[in-house]
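Undergrad: There's a structure below that I have some questions on.
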Amino acid sequence: MFHYIEEQLRQSFAAFLSSTYGVDVPVVVEQPKQTSFGEFALPVAFALARQLRKAPRAIAEELAAKLPPNPGVASVEVAGNGYLNVRLDRGLYAAALLSGEGSSPAGAAAGKVIVEHTNINPNKAAHIGHLRNSVLGDTFVRMLRASGRPVEVQNYIDNTGVQVADVVVGFHYLEQKSPADVAALISQPRFDYYCWDLYARTSQYYTTNPDAIQWRRDTLHAIEHGEGVLAELGHLIADAIVECHLDTMLRLGIVYDVLPRESEILHLKFWARAFEQLKERQAVYFVDEGKNQGCWVMAASHFRDSATGEEGDDDAKVIVRSNGTVTYVGKDIAYQMWKFGLLGLDFHYKPLRTYPDGHEAWVATDEPCELPAPAFGGGAEVYNVIDSRQSYLQDVVVAGLRALGYASQADHSIHFSYEMVALSPRTCIELGIALSEEDRKRPYVEVSGRKGLGVKADDLIDKLIEKAKAEVDSRHPAKPEEERLRIATQIAIGALRYFLLKFTRNTVIAFDLQEALSFEGETGPYVQYAAVRARNILRKLAERGETLPEFSAALDSAAMHRQLQAEDFWQLLLAASKSGTALASALSAGEPSHMARYAFQLAQAFNAFYHDYPILAEENPEKRTFLLWLAVYFKEQLERTLEQVLGIPVPEYM
RNA sequence: GGGACCGUAGCUCAGAUGGAUAGAGCAUCUGCCUUCUAAGCAGAGGGUCGCAGGUUCGAGUCCUGCCGGUCCUACCA
């Protein structure tokens, strides 16, 4: 609603300026820091001062006098050196909210958005760094959907890479296990934890036995060709770990539409097709001499502004190695082309799992399946949620598209980057991770799957649930055990998702266990609690045998106007009606953290209100009805932001 | 060497398109539970926004230089 009025104001003002002054200046609509200044502030007089050669204050006064009346606007005042402060008609605004005007989601239009996230190597348990990726990606998906965009969620599985190979080496060479042995392990719980340790052990083994690297080469070769016991192990392990990851993510409410896999990119000749195009359009060239002799490379000038193209081949990126095999980036170019529907090839698909809500996730296969799959790929816009360390490679992928002549697709390829999650030194010590002297002085220590150094996602979730459970137990000892556990789980999810979202994307999170386990202050549970408090009021009302009044009959705009003279009420209502503005700004900034912050600020406003105004004890009937409506409206808005956009459940009680 | 990001309160972080008195949380201190649950509320202290210039009506925000920190710059994925 707020967003709707903001846009209207912007447009009508621009039209007014254009018709009376014949000037086209972008109209900036701000929200003043001081609430006493009104709902909107327009610094447009400052922008006009130069063009009209007049003092901003004089222009502002002229504008205020000439401006035609605007429906819904109570007053326009000149303030400061030339601000125009706009106040809304509170009664009309509230009446419009009550009748549901202006709440329609923004125009859908546009094409399908593809968001790729998670992308965890299927060789070990997921850790907190992976959680940041998935939660960011999933929340961004929810934001897009809330704004009316159709979205397809992809989770790319690199099931033929070095990381999987290393675990295969661990099972086959170090532990001498057969596929049957491994299958038996898979049927046990926490196979991903087993692999976590084995992967670290194998990596360690290479450092003391350099010759063992040959095992990795043999394994990679076997996996790539899909033959023999090594390949069998590779598939067994990767498929099982993918299931573990899907389970872990489902605990946080994160689901996928389709899982493209590297094995299919290879078998279905995606790369071969992309390579033809790259050669044909001369996006890559063959190197005859120098350090890249025998390779197909992409010139640095394609992906670096500074490079001139005359500097030789040293800065070029190798796409095809001298032994004829393709690098990861090459495969990624083919994959990115498929995402836009530019490859002329498609995967086959089979159902992978049906989620509790009935949603189906599909996985790529190399053979046709009888079940009809939805149409995947062919997006109009592609977001790749990948940490910022890979920005160089993402630049190469986009440069590949551009060099092929797909400029528009290159422009719509967005590296949704984020900084890594590291560990605070204090948390390392707490977890028994040995630190070197250097590390001790650093602000944070990088996690490393190779070293087995990190916090596993499921461990963290378990810890959060345990802590929340203790709180719920102490507050609600009479409630059934199962119910308490369910609520503790919801609180844990809220705490974790909020924690990972509260930082902006390019902030390194120095993960601190104590901070992450906190349920007070700017945390998920704080925000959930505000929603629960609103629910409590309504539940208490029902327990007293009362029903909710018919608000639209009881509250006309005159009544709204009377009640909203109280600044506290107006500010809360205003804040609750700004979810559309918050969503639009969070989307345009590409910052899910903005949405989290909005939810927190709204919760803060409600908590203060809740403390100051006992609704059920209110004796004035009109005021009581109004306050009930305010509570209901707040509850609906916050619940929607939490559940639909942030993926944070709202418990029945806390 | 080249590229990117970061430096704001004791700590962890917000400050979109330059705007009015730079904000939260944590920590510290002081109050508030017989009330719609205190996972809460109210209040206090705490800042030369890394440093120096520049751009203009106006700079935490834009530009230049310096200082400090991090990541990337593989025929690994």
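Ligands are numbered from 1 in the order shown, chains are lettered A, B, ... in the order of the structure tokens, and residues start at 1 in each chain.
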Considering only C-alpha atoms, give me a table of residues in range 264-356 of chain A that are at most 12 Å from range 159-171 of chain A, with the closest atom pair and distance in Å for each, as a tab-separated table.

TA:
```
residue	atom	partner	partner_atom	distance
A:Glu264	CA	A:Asn159	CA	9.6
A:Ile265	CA	A:Thr160	CA	10.3
A:Leu266	CA	A:Thr160	CA	9.3
A:His267	CA	A:Thr160	CA	11.3
A:Thr327	CA	A:Gly161	CA	10.7
A:Tyr328	CA	A:Gly161	CA	9.0
A:Lys331	CA	A:Gly161	CA	11.8
```

Undergrad: May I have the selected residues written with C-alpha atoms, as an mmCIF file, in the first residue's frame?

TA:
```
data_model
loop_
_atom_site.group_PDB
_atom_site.id
_atom_site.type_symbol
_atom_site.label_atom_id
_atom_site.label_comp_id
_atom_site.auth_asym_id
_atom_site.auth_seq_id
_atom_site.Cartn_x
_atom_site.Cartn_y
_atom_site.Cartn_z
ATOM 1 C CA GLU A 264 24.969 -35.584 -17.908
ATOM 2 C CA ILE A 265 26.729 -32.498 -19.198
ATOM 3 C CA LEU A 266 29.504 -34.880 -20.206
ATOM 4 C CA HIS A 267 27.445 -37.812 -21.488
ATOM 5 C CA THR A 327 38.113 -27.419 -17.743
ATOM 6 C CA TYR A 328 35.343 -26.696 -15.299
ATOM 7 C CA LYS A 331 31.508 -27.013 -18.847
#
```

Undergrad: With a cut-off of 6 Å and counting only C-alpha atoms (C1' of nucleotides), select all residues of chain A in contact with chain B and give the selection as a list of chain:residue names.

TA: A:Arg321, A:Arg389, A:Phe519, A:Glu520, A:Gly521, A:Glu522, A:Ile537

Undergrad: Can you write just those residues out, N, CA, C and O atoms, as an mmCIF file, in the first residue's frame?

TA:
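And here's out.cif as it stands now:
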```cif
data_model
loop_
_atom_site.group_PDB
_atom_site.id
_atom_site.type_symbol
_atom_site.label_atom_id
_atom_site.label_comp_id
_atom_site.auth_asym_id
_atom_site.auth_seq_id
_atom_site.Cartn_x
_atom_site.Cartn_y
_atom_site.Cartn_z
ATOM 1 N N ARG A 321 42.304 -28.233 -22.039
ATOM 2 C CA ARG A 321 43.700 -28.528 -21.676
ATOM 3 C C ARG A 321 44.426 -29.151 -22.866
ATOM 4 O O ARG A 321 43.804 -29.642 -23.812
ATOM 5 N N ARG A 389 34.674 -15.585 -4.152
ATOM 6 C CA ARG A 389 36.003 -16.032 -4.568
ATOM 7 C C ARG A 389 35.985 -16.537 -6.010
ATOM 8 O O ARG A 389 37.008 -16.621 -6.671
ATOM 9 N N PHE A 519 19.164 -15.943 21.213
ATOM 10 C CA PHE A 519 17.757 -15.776 20.857
ATOM 11 C C PHE A 519 17.247 -14.398 21.259
ATOM 12 O O PHE A 519 16.061 -14.144 21.273
ATOM 13 N N GLU A 520 18.170 -13.524 21.643
ATOM 14 C CA GLU A 520 17.752 -12.202 22.117
ATOM 15 C C GLU A 520 18.322 -11.109 21.229
ATOM 16 O O GLU A 520 19.373 -11.264 20.622
ATOM 17 N N GLY A 521 17.635 -9.975 21.213
ATOM 18 C CA GLY A 521 18.096 -8.868 20.402
ATOM 19 C C GLY A 521 17.770 -9.096 18.933
ATOM 20 O O GLY A 521 16.712 -9.650 18.619
ATOM 21 N N GLU A 522 18.652 -8.687 18.047
ATOM 22 C CA GLU A 522 18.351 -8.804 16.627
ATOM 23 C C GLU A 522 18.532 -10.242 16.151
ATOM 24 O O GLU A 522 19.563 -10.598 15.581
ATOM 25 N N ILE A 537 -2.744 -12.322 21.718
ATOM 26 C CA ILE A 537 -3.854 -11.406 21.988
ATOM 27 C C ILE A 537 -5.137 -11.977 21.414
ATOM 28 O O ILE A 537 -6.168 -12.025 22.090
#
```

Undergrad: Can you list, as a PyMOL selection string, every protein, DNA or RNA residue that comes within 12 Å of Glu101 in chain A when you count only C-alpha atoms (C1' of nucleotides), leaving out same-chain residues fewer than 3 positions away?

TA: chain A and resi 1-5+92-98+104-105+577

Undergrad: Output the selection as a JSON list (two decimals), in the first residue's frame - N, CA and C atoms for each residue.

TA:
```json
[["chain", "number", "residue", "atom", "x", "y", "z"],
["A", 1, "MET", "N", 0.83, -1.20, 0.00],
["A", 1, "MET", "CA", 0.00, 0.00, 0.00],
["A", 1, "MET", "C", 0.87, 1.26, 0.00],
["A", 2, "PHE", "N", 1.81, 1.28, 0.93],
["A", 2, "PHE", "CA", 2.72, 2.42, 1.02],
["A", 2, "PHE", "C", 3.48, 2.58, -0.29],
["A", 3, "HIS", "N", 3.93, 1.44, -0.78],
["A", 3, "HIS", "CA", 4.68, 1.41, -2.02],
["A", 3, "HIS", "C", 3.86, 1.97, -3.18],
["A", 4, "TYR", "N", 2.60, 1.61, -3.20],
["A", 4, "TYR", "CA", 1.67, 2.03, -4.24],
["A", 4, "TYR", "C", 1.54, 3.56, -4.22],
["A", 5, "ILE", "N", 1.36, 4.12, -3.05],
["A", 5, "ILE", "CA", 1.21, 5.57, -2.93],
["A", 5, "ILE", "C", 2.52, 6.28, -3.28],
["A", 92, "LEU", "N", -7.98, 8.10, 5.58],
["A", 92, "LEU", "CA", -8.18, 7.51, 4.25],
["A", 92, "LEU", "C", -7.20, 6.34, 4.03],
["A", 93, "TYR", "N", -5.97, 6.56, 4.48],
["A", 93, "TYR", "CA", -4.93, 5.54, 4.30],
["A", 93, "TYR", "C", -5.33, 4.24, 4.99],
["A", 94, "ALA", "N", -5.75, 4.38, 6.25],
["A", 94, "ALA", "CA", -6.14, 3.19, 7.02],
["A", 94, "ALA", "C", -7.36, 2.52, 6.42],
["A", 95, "ALA", "N", -8.32, 3.34, 5.98],
["A", 95, "ALA", "CA", -9.53, 2.78, 5.38],
["A", 95, "ALA", "C", -9.18, 1.99, 4.12],
["A", 96, "ALA", "N", -8.22, 2.51, 3.37],
["A", 96, "ALA", "CA", -7.79, 1.82, 2.16],
["A", 96, "ALA", "C", -7.11, 0.49, 2.51],
["A", 97, "LEU", "N", -6.32, 0.49, 3.56],
["A", 97, "LEU", "CA", -5.67, -0.74, 4.00],
["A", 97, "LEU", "C", -6.71, -1.77, 4.40],
["A", 98, "LEU", "N", -7.71, -1.31, 5.12],
["A", 98, "LEU", "CA", -8.76, -2.22, 5.61],
["A", 98, "LEU", "C", -9.52, -2.84, 4.46],
["A", 104, "SER", "N", -2.17, -5.19, -4.47],
["A", 104, "SER", "CA", -1.91, -6.17, -5.52],
["A", 104, "SER", "C", -0.41, -6.27, -5.78],
["A", 105, "PRO", "N", 0.08, -7.49, -6.01],
["A", 105, "PRO", "CA", 1.51, -7.64, -6.26],
["A", 105, "PRO", "C", 1.90, -6.96, -7.56],
["A", 577, "SER", "N", 2.60, -1.41, 6.87],
["A", 577, "SER", "CA", 2.12, -1.32, 5.49],
["A", 577, "SER", "C", 3.28, -1.15, 4.50]]
```

Undergrad: Could you name the residues that touch Leu17 in chain A at 12 Å or less, counting only C-alpha atoms (C1' of nucleotides), but leaving out those on the same chain fewer than 4 positions away, as a ChimeraX atom specification?

TA: /A:10-13,21-27,44-45,47-48,59-60,62-64,66-68

Undergrad: What's around Ala488 in chain A at 9 Å? Count only C-alpha atoms (C1' of nucleotides), leave out sequence neighbours fewer than 2 positions away in its own chain, and write the answer as a list of chain:residue names.

TA: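 Neighbouring residues, sequence-local ones excluded: A:Leu464, A:Ile465, A:Glu466, A:Lys467, A:Ala468, A:Lys469, A:Ala470, A:Glu471, A:Val472, A:Asp473, A:Glu483, A:Arg484, A:Leu485, A:Arg486, A:Gln490, A:Ile491, A:Ala492, A:Ile493, A:Pro651, A:Met654.
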
Undergrad: Please write the residues from the selection above to a file, keeping N, CA, C and O atoms, as an mmCIF file, in the first residue's frame.

TA:
```cif
data_model
loop_
_atom_site.group_PDB
_atom_site.id
_atom_site.type_symbol
_atom_site.label_atom_id
_atom_site.label_comp_id
_atom_site.auth_asym_id
_atom_site.auth_seq_id
_atom_site.Cartn_x
_atom_site.Cartn_y
_atom_site.Cartn_z
ATOM 1 N N LEU A 464 20.973 -25.815 17.873
ATOM 2 C CA LEU A 464 19.962 -24.762 18.002
ATOM 3 C C LEU A 464 18.641 -25.332 18.508
ATOM 4 O O LEU A 464 17.977 -24.729 19.352
ATOM 5 N N ILE A 465 18.286 -26.498 17.985
ATOM 6 C CA ILE A 465 17.028 -27.116 18.416
ATOM 7 C C ILE A 465 17.118 -27.470 19.905
ATOM 8 O O ILE A 465 16.196 -27.218 20.679
ATOM 9 N N GLU A 466 18.253 -28.021 20.280
ATOM 10 C CA GLU A 466 18.440 -28.416 21.674
ATOM 11 C C GLU A 466 18.270 -27.214 22.610
ATOM 12 O O GLU A 466 17.596 -27.290 23.632
ATOM 13 N N LYS A 467 18.882 -26.112 22.201
ATOM 14 C CA LYS A 467 18.813 -24.936 23.055
ATOM 15 C C LYS A 467 17.392 -24.364 23.105
ATOM 16 O O LYS A 467 16.899 -23.988 24.173
ATOM 17 N N ALA A 468 16.746 -24.328 21.948
ATOM 18 C CA ALA A 468 15.379 -23.814 21.899
ATOM 19 C C ALA A 468 14.452 -24.723 22.699
ATOM 20 O O ALA A 468 13.544 -24.262 23.391
ATOM 21 N N LYS A 469 14.725 -26.019 22.612
ATOM 22 C CA LYS A 469 13.887 -26.992 23.316
ATOM 23 C C LYS A 469 13.939 -26.754 24.821
ATOM 24 O O LYS A 469 12.910 -26.802 25.516
ATOM 25 N N ALA A 470 15.122 -26.470 25.333
ATOM 26 C CA ALA A 470 15.268 -26.218 26.772
ATOM 27 C C ALA A 470 14.429 -25.002 27.174
ATOM 28 O O ALA A 470 13.777 -25.008 28.237
ATOM 29 N N GLU A 471 14.427 -23.978 26.333
ATOM 30 C CA GLU A 471 13.637 -22.781 26.625
ATOM 31 C C GLU A 471 12.142 -23.087 26.608
ATOM 32 O O GLU A 471 11.397 -22.669 27.489
ATOM 33 N N VAL A 472 11.717 -23.814 25.570
ATOM 34 C CA VAL A 472 10.296 -24.132 25.445
ATOM 35 C C VAL A 472 9.865 -25.014 26.615
ATOM 36 O O VAL A 472 8.806 -24.808 27.214
ATOM 37 N N ASP A 473 10.709 -25.987 26.947
ATOM 38 C CA ASP A 473 10.395 -26.893 28.063
ATOM 39 C C ASP A 473 10.155 -26.112 29.351
ATOM 40 O O ASP A 473 9.218 -26.391 30.091
ATOM 41 N N GLU A 483 4.900 -31.614 20.551
ATOM 42 C CA GLU A 483 4.573 -30.243 20.192
ATOM 43 C C GLU A 483 5.710 -29.299 20.577
ATOM 44 O O GLU A 483 6.090 -28.409 19.806
ATOM 45 N N ARG A 484 6.293 -29.528 21.738
ATOM 46 C CA ARG A 484 7.397 -28.690 22.192
ATOM 47 C C ARG A 484 8.594 -28.827 21.246
ATOM 48 O O ARG A 484 9.270 -27.855 20.939
ATOM 49 N N LEU A 485 8.805 -30.040 20.804
ATOM 50 C CA LEU A 485 9.922 -30.269 19.886
ATOM 51 C C LEU A 485 9.680 -29.559 18.559
ATOM 52 O O LEU A 485 10.585 -28.968 17.971
ATOM 53 N N ARG A 486 8.420 -29.603 18.104
ATOM 54 C CA ARG A 486 8.107 -28.963 16.832
ATOM 55 C C ARG A 486 8.355 -27.454 16.935
ATOM 56 O O ARG A 486 8.933 -26.841 16.038
ATOM 57 N N GLN A 490 11.046 -24.933 15.022
ATOM 58 C CA GLN A 490 10.690 -23.710 14.299
ATOM 59 C C GLN A 490 11.530 -22.528 14.770
ATOM 60 O O GLN A 490 11.962 -21.692 13.979
ATOM 61 N N ILE A 491 11.769 -22.483 16.071
ATOM 62 C CA ILE A 491 12.578 -21.398 16.626
ATOM 63 C C ILE A 491 14.018 -21.517 16.132
ATOM 64 O O ILE A 491 14.655 -20.528 15.761
ATOM 65 N N ALA A 492 14.509 -22.747 16.093
ATOM 66 C CA ALA A 492 15.887 -22.979 15.638
ATOM 67 C C ALA A 492 16.044 -22.542 14.181
ATOM 68 O O ALA A 492 17.021 -21.893 13.808
ATOM 69 N N ILE A 493 15.065 -22.895 13.353
ATOM 70 C CA ILE A 493 15.109 -22.500 11.941
ATOM 71 C C ILE A 493 15.100 -20.984 11.830
ATOM 72 O O ILE A 493 15.865 -20.385 11.066
ATOM 73 N N PRO A 651 5.807 -19.845 15.165
ATOM 74 C CA PRO A 651 5.271 -20.866 16.073
ATOM 75 C C PRO A 651 3.909 -20.462 16.651
ATOM 76 O O PRO A 651 3.578 -19.278 16.696
ATOM 77 N N MET A 654 5.424 -19.471 22.138
ATOM 78 C CA MET A 654 6.868 -19.542 22.410
ATOM 79 C C MET A 654 7.094 -19.489 23.909
ATOM 80 O O MET A 654 6.297 -18.953 24.648
#
```

Undergrad: If you measure from CA of Lys54 in chain A to CA of Asn81 in chain A, what distance in Å do you get, rounded to one decimal?

TA: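 CA of Asn81 in chain A lies at a distance of 12.3 Å from CA of Lys54 in chain A.
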
Undergrad: Write out as number ranges by chain the residues lying within 12 Å of range 584-592 of chain A, counting only C-alpha atoms (C1' of nucleotides) and excluding same-chain residues fewer than 3 positions away.

TA: A: 2-4, 6-7, 105-106, 132-133, 135-149, 383, 385, 414-418, 497-507, 578-581, 595-599, 641, 645-647; B: 16-17

Undergrad: Set the distance at 10 Å and use only C-alpha atoms (C1' of nucleotides): which residues neighbour range 45-53 of chain B once local chain neighbours fewer than 3 positions away are removed? I'd like the list as number ranges by chain.

TA: B: 7-10, 22, 28-29, 60, 64-68

Undergrad: Nearest to Glu152 in chain A: which of A:Glu636, A:Leu393, A:His117, A:Leu572 is it, counting only C-alpha atoms?

TA: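 So, comparing all the options, the nearest one is A:His117.
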
Undergrad: Which distance in Å separates CA of Lys463 in chain A and CA of Pro525 in chain A, to one decimal?

TA: 15.1 Å

Undergrad: What is the CA of Ile120 in chain A to CA of Asp158 in chain A distance in Å?

TA: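 Taking CA of Ile120 in chain A and CA of Asp158 in chain A, their separation equals 7.8 Å.
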